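Enquirer: What follows is the file input-v2.tsv, containing TSV, C-alpha atoms:
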```
chain	number	residue	atom	x	y	z
G	1	MET	CA	185.69	74.71	36.69
G	2	ASN	CA	183.86	73.54	33.57
G	3	ARG	CA	186.07	75.73	31.45
G	4	ALA	CA	189.14	74.17	33.02
G	5	VAL	CA	187.84	70.66	32.35
G	6	ASN	CA	186.96	71.55	28.77
G	7	GLY	CA	190.45	73.01	28.35
G	8	LEU	CA	192.00	69.72	29.47
G	9	LEU	CA	189.74	67.72	27.19
G	10	SER	CA	190.64	69.75	24.17
G	11	ARG	CA	194.37	69.48	24.87
G	12	HIS	CA	196.09	66.74	22.87
G	13	VAL	CA	197.32	63.77	24.84
G	14	GLU	CA	200.24	62.71	22.67
G	15	HIS	CA	202.68	63.03	25.57
G	16	LEU	CA	200.60	60.53	27.57
G	17	LEU	CA	200.11	57.90	24.90
G	18	ALA	CA	203.28	55.90	25.59
G	19	ALA	CA	202.36	55.58	29.26
G	20	TYR	CA	198.71	54.97	28.33
G	21	THR	CA	199.52	52.03	26.05
G	22	SER	CA	201.63	50.44	28.77
G	23	GLY	CA	199.00	50.95	31.48
G	24	GLN	CA	201.24	53.22	33.53
G	25	LEU	CA	198.83	56.14	33.91
G	26	THR	CA	196.76	56.79	36.99
G	27	ALA	CA	193.06	55.93	36.62
G	28	ARG	CA	192.23	59.62	36.41
G	29	LYS	CA	194.74	60.36	33.66
G	30	ALA	CA	193.78	57.22	31.73
G	31	ALA	CA	190.13	58.32	31.82
G	32	ARG	CA	191.15	61.72	30.52
G	33	VAL	CA	193.07	60.11	27.64
G	34	ARG	CA	190.08	57.91	26.78
G	35	ARG	CA	187.75	60.91	26.74
G	36	HIS	CA	190.14	62.83	24.52
G	37	LEU	CA	190.63	59.91	22.12
G	38	ALA	CA	186.88	59.62	21.68
G	39	GLU	CA	186.79	63.10	20.21
G	40	CYS	CA	190.23	63.52	18.55
G	41	ALA	CA	191.06	61.70	15.31
G	42	ALA	CA	194.66	63.00	15.31
G	43	CYS	CA	195.39	61.43	18.70
G	44	ARG	CA	193.68	58.20	17.68
G	45	GLU	CA	196.02	58.07	14.69
G	46	ARG	CA	198.96	58.68	17.04
G	47	LEU	CA	197.76	55.89	19.28
G	48	SER	CA	197.54	53.44	16.40
G	49	ARG	CA	201.14	54.38	15.47
G	50	TYR	CA	202.28	53.68	19.03
G	51	GLU	CA	200.55	50.34	19.10
G	52	ARG	CA	201.98	49.34	15.74
G	53	VAL	CA	205.55	50.14	16.79
G	54	ALA	CA	205.03	48.52	20.18
G	55	SER	CA	203.72	45.36	18.56
G	56	ASP	CA	206.70	45.16	16.17
G	57	LEU	CA	209.17	45.78	19.00
G	58	ARG	CA	207.65	43.15	21.27
G	59	LEU	CA	207.74	40.64	18.45
G	60	ALA	CA	211.33	41.45	17.50
G	61	LEU	CA	212.75	41.57	21.02
G	62	GLY	CA	210.73	38.55	22.10
G	63	SER	CA	212.24	36.49	19.30
G	64	ALA	CA	215.78	37.32	20.43
G	65	ARG	CA	216.43	34.49	22.85
G	66	PRO	CA	219.43	32.26	23.43
G	67	LYS	CA	219.25	28.54	22.72
G	68	ALA	CA	219.14	26.10	25.64
G	69	LYS	CA	222.63	24.85	24.74
G	70	GLU	CA	223.99	28.40	24.85
G	71	ILE	CA	222.35	29.04	28.22
G	72	ASP	CA	224.04	25.93	29.62
G	73	SER	CA	227.45	26.77	28.19
G	74	TRP	CA	227.30	30.37	29.49
G	75	TRP	CA	226.46	29.01	32.92
G	76	GLN	CA	229.49	26.73	32.82
G	77	ALA	CA	231.65	29.72	31.88
G	78	ILE	CA	230.22	31.78	34.74
G	79	ARG	CA	230.52	29.11	37.42
G	80	THR	CA	234.07	28.15	36.49
G	81	ALA	CA	235.38	31.66	35.91
G	82	PRO	CA	238.57	32.30	37.87
G	83	VAL	CA	238.37	34.58	40.85
G	84	ARG	CA	239.76	37.89	39.77
G	85	ARG	CA	240.96	40.50	42.16
G	86	THR	CA	238.36	43.22	42.37
G	87	HIS	CA	239.03	46.89	42.99
G	88	SER	CA	238.25	46.40	46.65
G	89	GLY	CA	240.72	43.52	46.72
G	90	ALA	CA	243.38	45.71	45.16
G	91	ARG	CA	242.66	48.37	47.72
G	92	ALA	CA	242.97	45.80	50.46
G	93	ALA	CA	246.31	44.71	49.04
G	94	LEU	CA	247.52	48.30	49.00
G	95	ALA	CA	246.47	48.94	52.59
G	96	PRO	CA	249.62	47.47	54.23
G	97	VAL	CA	251.81	49.45	51.82
G	98	LEU	CA	250.03	52.69	52.66
G	99	LEU	CA	250.11	51.91	56.36
G	100	THR	CA	253.85	51.28	56.22
G	101	LEU	CA	254.43	54.50	54.28
G	102	LEU	CA	252.38	56.32	56.86
G	103	LEU	CA	254.41	54.79	59.67
G	104	LEU	CA	257.58	55.83	57.89
G	105	VAL	CA	256.59	59.33	56.88
G	106	VAL	CA	254.86	60.54	60.05
G	107	PRO	CA	257.76	59.80	62.44
G	108	VAL	CA	260.23	61.20	59.91
G	109	LEU	CA	258.27	64.43	59.67
G	110	ALA	CA	257.69	64.57	63.40
G	111	GLY	CA	261.30	63.63	64.07
G	112	GLY	CA	262.46	66.21	61.54
G	113	GLN	CA	260.56	68.90	63.33
G	114	ARG	CA	261.96	67.81	66.65
G	115	ALA	CA	265.37	67.17	65.19
G	116	LEU	CA	265.78	70.61	63.70
G	117	PRO	CA	266.51	72.42	66.95
G	118	ALA	CA	268.23	69.27	68.32
G	119	HIS	CA	270.40	68.98	65.21
G	120	ALA	CA	271.76	72.41	65.91
G	121	GLY	CA	273.01	71.34	69.31
G	122	SER	CA	273.14	67.50	69.45
G	123	THR	CA	272.16	64.22	67.57
G	124	ALA	CA	269.39	63.05	69.93
G	125	ALA	CA	266.83	62.55	67.12
G	126	SER	CA	268.82	60.10	64.98
G	127	PRO	CA	267.97	56.82	66.88
G	128	ALA	CA	264.25	57.36	66.29
G	129	LEU	CA	264.87	57.97	62.60
G	130	ASN	CA	266.89	54.78	62.28
G	131	THR	CA	264.10	52.73	63.87
G	132	THR	CA	261.40	53.90	61.45
G	133	LEU	CA	263.57	53.22	58.41
G	134	ALA	CA	264.40	49.68	59.51
G	135	PRO	CA	264.13	47.11	56.63
G	136	PRO	CA	261.70	44.62	58.33
G	137	ALA	CA	258.76	46.98	57.79
G	138	LEU	CA	259.41	47.04	54.04
G	139	VAL	CA	259.73	43.26	53.89
G	140	MET	CA	256.34	42.93	55.54
G	141	THR	CA	254.60	45.15	52.97
G	142	VAL	CA	256.06	43.31	50.01
G	143	SER	CA	255.06	39.93	51.37
G	144	ALA	CA	251.39	40.82	51.91
G	145	PRO	CA	250.22	40.99	48.25
G	146	ALA	CA	252.33	37.96	47.36
G	147	HIS	CA	250.55	35.98	50.05
G	148	GLU	CA	247.17	37.13	48.73
G	149	ALA	CA	248.04	36.07	45.20
G	150	THR	CA	248.91	32.61	46.45
G	151	GLU	CA	245.58	32.45	48.23
G	152	SER	CA	243.69	33.40	45.04
G	153	LEU	CA	245.38	30.61	43.11
G	154	ALA	CA	244.47	28.18	45.86
G	155	LEU	CA	240.84	29.27	45.65
G	156	MET	CA	240.72	28.56	41.94
G	157	ALA	CA	241.73	24.98	42.61
G	158	THR	CA	238.98	24.29	45.13
G	159	SER	CA	235.80	22.34	44.49
G	160	PRO	CA	232.80	24.18	42.93
G	161	HIS	CA	231.07	24.50	46.28
G	162	GLU	CA	234.16	25.96	47.91
G	163	HIS	CA	234.61	28.18	44.88
G	164	TRP	CA	231.14	29.68	45.39
G	165	ALA	CA	231.65	29.99	49.10
G	166	ALA	CA	234.93	31.77	48.38
G	167	ILE	CA	233.57	34.30	45.90
G	168	THR	CA	230.57	34.96	48.10
G	169	PRO	CA	231.81	37.24	50.84
G	170	ALA	CA	230.59	37.30	54.41
G	171	PRO	CA	227.02	36.11	55.06
G	172	TYR	CA	224.63	38.94	54.57
G	173	ALA	CA	221.20	39.41	56.07
G	174	PRO	CA	219.28	41.87	53.88
G	175	THR	CA	216.75	44.05	55.62
G	176	ARG	CA	213.74	43.45	53.43
G	177	ASP	CA	210.25	44.66	54.17
G	178	GLY	CA	207.58	42.01	53.94
A	179	MET	CA	211.09	54.12	44.49
A	180	SER	CA	211.72	50.60	45.67
A	181	ASP	CA	209.21	48.09	44.48
A	182	ARG	CA	208.22	45.63	47.14
A	183	PRO	CA	208.76	42.03	46.21
A	184	HIS	CA	205.62	40.05	45.57
A	185	ALA	CA	204.79	37.29	48.00
A	186	ASP	CA	205.27	34.69	45.23
A	187	ASP	CA	208.52	36.23	44.01
A	188	PRO	CA	211.18	33.52	44.42
A	189	ILE	CA	214.11	35.90	43.99
A	190	PRO	CA	214.52	37.24	47.57
A	191	ALA	CA	214.71	33.72	48.98
A	192	LEU	CA	217.12	32.68	46.23
A	193	ILE	CA	219.34	35.66	47.02
A	194	ASP	CA	219.43	34.70	50.69
A	195	ARG	CA	220.38	31.14	49.79
A	196	ALA	CA	223.01	32.33	47.31
A	197	LEU	CA	224.53	34.59	49.95
A	198	ALA	CA	224.81	31.54	52.16
A	199	GLY	CA	226.87	29.87	49.42
A	200	ASP	CA	224.22	27.68	47.77
A	201	GLU	CA	225.32	27.19	44.16
A	202	ALA	CA	221.88	25.88	43.12
A	203	ALA	CA	220.44	29.25	44.12
A	204	PHE	CA	222.97	31.08	41.93
A	205	GLU	CA	221.99	28.88	39.02
A	206	ALA	CA	218.28	29.43	39.64
A	207	ILE	CA	218.80	33.20	39.62
A	208	TYR	CA	220.83	32.89	36.43
A	209	ARG	CA	218.17	30.84	34.65
A	210	HIS	CA	215.43	33.19	35.83
A	211	PHE	CA	217.04	36.27	34.30
A	212	VAL	CA	219.25	35.04	31.47
A	213	GLY	CA	216.62	35.36	28.75
A	214	ALA	CA	215.61	38.90	29.70
A	215	LEU	CA	219.24	40.00	30.07
A	216	TYR	CA	220.05	38.64	26.65
A	217	ARG	CA	217.08	40.45	25.08
A	218	LEU	CA	218.14	43.68	26.75
A	219	SER	CA	221.79	43.36	25.74
A	220	TYR	CA	221.00	42.30	22.20
A	221	GLY	CA	218.41	45.06	21.79
A	222	VAL	CA	220.87	47.72	22.90
A	223	LEU	CA	223.97	46.38	21.12
A	224	LEU	CA	222.37	44.58	18.15
A	225	HIS	CA	225.34	42.23	18.14
A	226	GLU	CA	224.95	38.61	19.26
A	227	GLN	CA	228.49	37.96	20.48
A	228	ASP	CA	228.67	41.23	22.37
A	229	ALA	CA	225.30	40.47	23.95
A	230	GLU	CA	226.55	37.05	25.07
A	231	GLU	CA	229.62	38.61	26.66
A	232	VAL	CA	227.54	41.24	28.41
A	233	VAL	CA	225.24	38.57	29.84
A	234	GLN	CA	228.15	36.58	31.24
A	235	ASP	CA	229.98	39.64	32.59
A	236	THR	CA	226.80	40.89	34.21
A	237	PHE	CA	226.15	37.66	36.08
A	238	MET	CA	229.78	37.30	37.14
A	239	TYR	CA	229.83	40.82	38.53
A	240	ALA	CA	226.40	40.51	40.15
A	241	PHE	CA	227.21	37.22	41.85
A	242	ARG	CA	230.53	38.45	43.17
A	243	ASN	CA	228.93	41.60	44.50
A	244	LEU	CA	225.66	40.12	45.65
A	245	HIS	CA	226.35	41.27	49.20
A	246	GLY	CA	226.30	44.82	47.87
A	247	TYR	CA	222.75	44.58	46.58
A	248	ASP	CA	220.42	46.55	48.82
A	249	PRO	CA	216.72	45.57	48.44
A	250	ALA	CA	215.68	48.86	50.03
A	251	ARG	CA	217.10	50.74	47.03
A	252	GLY	CA	215.28	48.84	44.31
A	253	SER	CA	214.36	45.46	42.92
A	254	PHE	CA	216.99	42.89	42.11
A	255	ARG	CA	216.07	42.90	38.44
A	256	THR	CA	216.54	46.69	38.26
A	257	TRP	CA	219.96	46.26	39.88
A	258	LEU	CA	220.86	43.52	37.42
A	259	TYR	CA	219.67	45.54	34.42
A	260	THR	CA	221.65	48.55	35.64
A	261	ILE	CA	224.81	46.43	35.66
A	262	ALA	CA	223.99	45.09	32.19
A	263	MET	CA	223.31	48.57	30.81
A	264	SER	CA	226.64	49.78	32.15
A	265	ARG	CA	228.41	46.91	30.40
A	266	CYS	CA	226.49	47.54	27.17
A	267	ARG	CA	227.71	51.13	27.23
A	268	ASN	CA	231.28	50.00	27.79
A	269	LYS	CA	231.01	47.61	24.85
A	270	ARG	CA	229.60	50.33	22.65
A	271	ARG	CA	232.35	52.77	23.58
A	272	ARG	CA	234.99	50.23	22.66
A	273	ARG	CA	233.50	49.60	19.25
A	274	TRP	CA	234.49	51.65	16.26
A	275	LEU	CA	231.52	53.46	14.70
A	276	PRO	CA	229.11	51.86	17.12
A	277	THR	CA	225.73	52.61	15.56
A	278	LEU	CA	226.58	51.28	12.10
A	279	ALA	CA	227.10	47.71	11.02
A	280	PHE	CA	230.01	47.31	8.61
A	281	GLY	CA	227.67	46.37	5.76
A	282	GLU	CA	225.65	49.53	6.20
A	283	LEU	CA	228.82	51.57	6.51
A	284	ALA	CA	230.11	50.20	3.21
A	285	GLU	CA	226.81	51.05	1.54
A	286	ARG	CA	226.89	54.58	2.83
A	287	VAL	CA	230.50	55.15	1.89
A	288	ALA	CA	229.86	53.79	-1.60
A	289	GLY	CA	226.71	55.85	-1.83
A	290	GLY	CA	224.86	52.94	-3.42
A	291	GLY	CA	221.44	51.57	-2.66
A	292	PRO	CA	220.75	48.52	-0.52
A	293	ARG	CA	222.39	45.27	-1.57
A	294	PRO	CA	220.05	42.58	-2.95
A	295	GLU	CA	220.50	40.42	0.15
A	296	SER	CA	219.66	43.41	2.40
A	297	ALA	CA	216.20	43.64	0.85
A	298	ALA	CA	215.69	39.95	1.39
A	299	GLU	CA	216.81	40.22	5.02
A	300	ARG	CA	214.22	42.85	5.70
A	301	THR	CA	211.29	40.58	4.99
A	302	GLY	CA	211.00	39.61	8.65
A	303	VAL	CA	209.69	41.92	11.34
A	304	ARG	CA	212.70	41.24	13.50
A	305	ASP	CA	215.13	42.22	10.78
A	306	ALA	CA	213.12	45.32	10.03
A	307	VAL	CA	213.04	46.36	13.66
A	308	VAL	CA	216.75	45.63	14.13
A	309	ALA	CA	217.58	47.72	11.06
A	310	ALA	CA	215.42	50.55	12.39
A	311	LEU	CA	216.91	50.32	15.89
A	312	ARG	CA	220.41	50.61	14.37
A	313	GLN	CA	219.52	54.02	13.07
A	314	LEU	CA	218.44	55.37	16.45
A	315	SER	CA	220.89	57.21	18.65
A	316	PRO	CA	222.22	55.06	21.52
A	317	LYS	CA	220.16	56.95	24.11
A	318	LEU	CA	216.89	56.54	22.24
A	319	ARG	CA	217.68	52.90	21.55
A	320	GLU	CA	218.40	52.18	25.22
A	321	ALA	CA	215.14	53.80	26.25
A	322	ILE	CA	212.90	52.05	23.74
A	323	VAL	CA	214.50	48.63	24.32
A	324	LEU	CA	214.20	49.01	28.08
A	325	ARG	CA	210.58	49.95	27.59
A	326	TYR	CA	209.66	46.82	25.63
A	327	PHE	CA	212.05	44.00	26.46
A	328	ASP	CA	210.65	43.19	29.89
A	329	GLY	CA	207.84	45.59	30.70
A	330	LEU	CA	209.78	47.89	33.02
A	331	THR	CA	207.93	50.87	34.48
A	332	TYR	CA	209.18	54.36	33.70
A	333	ARG	CA	210.37	54.65	37.29
A	334	GLU	CA	212.46	51.48	36.94
A	335	MET	CA	213.76	52.65	33.59
A	336	ALA	CA	214.85	55.93	35.16
A	337	ASP	CA	216.74	53.97	37.81
A	338	VAL	CA	218.47	51.79	35.24
A	339	LEU	CA	219.38	54.71	32.96
A	340	ASP	CA	220.23	56.96	35.91
A	341	CYS	CA	218.26	59.92	34.63
A	342	PRO	CA	214.96	61.66	35.50
A	343	GLN	CA	211.71	59.89	34.69
A	344	LYS	CA	210.59	62.76	32.46
A	345	THR	CA	213.73	62.32	30.39
A	346	VAL	CA	212.96	58.64	29.96
A	347	GLU	CA	209.40	59.40	28.89
A	348	SER	CA	210.64	61.95	26.40
A	349	ARG	CA	213.22	59.54	24.93
A	350	VAL	CA	210.63	56.79	24.58
A	351	ARG	CA	208.28	59.19	22.80
A	352	LEU	CA	211.01	60.35	20.40
A	353	ALA	CA	212.15	56.78	19.76
A	354	HIS	CA	208.56	55.74	19.03
A	355	GLU	CA	208.16	58.51	16.53
A	356	ALA	CA	211.48	57.79	14.81
A	357	LEU	CA	210.83	54.05	14.69
A	358	TYR	CA	207.39	54.56	13.23
A	359	HIS	CA	208.81	56.51	10.29
A	360	LEU	CA	211.76	54.15	9.81
A	361	LEU	CA	209.52	51.08	9.85
A	362	GLU	CA	207.06	52.72	7.47
A	363	GLU	CA	209.92	53.46	5.07
A	364	GLN	CA	210.97	49.83	5.24
A	365	ARG	CA	207.41	48.66	4.63
A	366	ASP	CA	207.33	50.88	1.55
A	367	VAL	CA	210.62	49.38	0.34
A	368	LEU	CA	209.26	45.91	0.99
A	369	PHE	CA	206.01	46.56	-0.88
A	370	GLU	CA	207.91	48.08	-3.80
A	371	GLY	CA	210.05	44.95	-3.87
A	372	VAL	CA	206.98	42.71	-3.86
A	373	TRP	CA	205.32	44.70	-6.66
A	374	GLY	CA	208.60	44.74	-8.59
A	375	TYR	CA	208.71	40.94	-8.67
A	376	GLU	CA	205.20	40.64	-10.07
```
The structure in this file should be written as structure tokens.

Expert:
Amino acid sequence: MNRAVNGLLSRHVEHLLAAYTSGQLTARKAARVRRHLAECAACRERLSRYERVASDLRLALGSARPKAKEIDSWWQAIRTAPVRRTHSGARAALAPVLLTLLLLVVPVLAGGQRALPAHAGSTAASPALNTTLAPPALVMTVSAPAHEATESLALMATSPHEHWAAITPAPYAPTRDG
Amino acid sequence: MSDRPHADDPIPALIDRALAGDEAAFEAIYRHFVGALYRLSYGVLLHEQDAEEVVQDTFMYAFRNLHGYDPARGSFRTWLYTIAMSRCRNKRRRRWLPTLAFGELAERVAGGGPRPESAAERTGVRDAVVAALRQLSPKLREAIVLRYFDGLTYREMADVLDCPQKTVESRVRLAHEALYHLLEEQRDVLFEGVWGYE
């Protein structure tokens, strides 16, 4: 046991120094690092390097901050940005098209299969085929995205409160612990 | 993996209000995070205008997809930083020769030493650190900036970067080592400059 502990103490702790300087080690590991640092000049030198770089980085990144005027103008840009159609919106717009295609293709295929033997003897399958290819279905699919586009333009013209209500989808109740 | 919100953390309540359509709550969330998001974006991109655009894009996306945020999967700030990091990467991909500023590129192509104004620019710590960060690979830069811009834990960093925690620790260690040498070189240049003037 003692030999194992001594082995750990003599092992360099360079790989733990980044977490040590940021206080992210467990109490046990932090104690091990402290013990090692007390007896290892090389790791102390490493630690001072870490702290020097960390100090420079904190200073440099901390000084990069937007001005109050910029913060205000960015906010105006965000709150007045037009509502763009998202991927899910595009998918929603495509849904009627796909549904119509499905309604067209499935009966055609099914009708084709039924029609093949019928075609040899009679024309019983052709009324069903004519119904599925009727133009009204196509008109409906074209009109759906156009209607949505009109709605988006209307949303852009609403008041700020309505704008936010519009871009915020259905009320959501997050399940949060505590 | 999820970090529980503190009792005095105003963000969960603000999110609830925002989801109910309260614009003031959106603005409060924006003002709470805008500084940190700018530091992150600027640290990763080292370009002010790109950082501004990333900040705005991040908030627009986050607000429009707020219903998709799941507190059980992580903190709101981690979610926000993940969005910002994704946009930083997109910006970087779209830029020609992303890790080099045009001035540095011209110097390297010409094979000459630093311009007189470059030496003067490096007198400040920020300029020195920015110059050193520019020379890091994008992955090391992301890791070291995430580590220091807002005190994220390694676990949170792993979530934002979408890689194992050990990988994050390794990148931070390598970035530390590289930055130390780069900053020391710059200190040497600076001291030589100071002695040269005397």

Enquirer: Between atom CA of A:Ala353 and atom CA of A:Arg319, measure the distance and give it in Å to one decimal.

Expert: 7.0 Å

Enquirer: Of the candidates A:Tyr239, A:Phe204, A:Tyr358, A:Phe254, which shows the shortest atom-to-atom distance to chain G, using only C-alpha atoms?

Expert: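 For chain G, the nearest of the given residues is A:Tyr358.
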
Enquirer: Report, in Å to a single decimal, how far apart atom CA of A:Ala250 and atom CA of A:Leu330 are.

Expert: 18.0 Å

Enquirer: Using all atoms listed in the file, pick whichever of G:Ala68, G:Leu101, G:Ala60, G:Ala54 has the shortest atom-to-atom distance to A:Ala309.

Expert: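 Smallest separation from A:Ala309 among the options: G:Ala60.
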
Enquirer: Counting all atoms listed in the file, which of A:Arg255, A:Arg349, A:His245, A:His210 gets nearest to chain G?

Expert: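 Under the stated criterion, the closest residue is A:His245.
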
Enquirer: Might I get the box with edges along x, y and z of the file that holds all atoms of stretch 194-207 of chain A listed there, padded by 8 Å on every side, given as centre and edge lengths in Å to one decimal, as AutoDock Vina command-line options?

Expert:
```
--center_x 222.6 --center_y 30.3 --center_z 45.6 --size_x 24.6 --size_y 24.8 --size_z 29.1
```

Enquirer: Given all atoms listed in the file as the basis, pick out the residue of G:Ala41, G:Leu16, G:Val106, G:Ala31 nearest to chain A.

Expert: G:Leu16

Enquirer: Could you check how far atom CA of G:Glu51 sits from atom CA of A:Arg365, in Å to one decimal?

Expert: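 We find that atom CA of G:Glu51 and atom CA of A:Arg365 lie 16.1 Å from each other.
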
Enquirer: So, counting only C-alpha atoms, which residue among G:Ala38, G:Leu103, G:Val97, G:Leu61 is closest to chain A?

Expert: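 Ranked by minimum distance to chain A, first place goes to G:Leu61.
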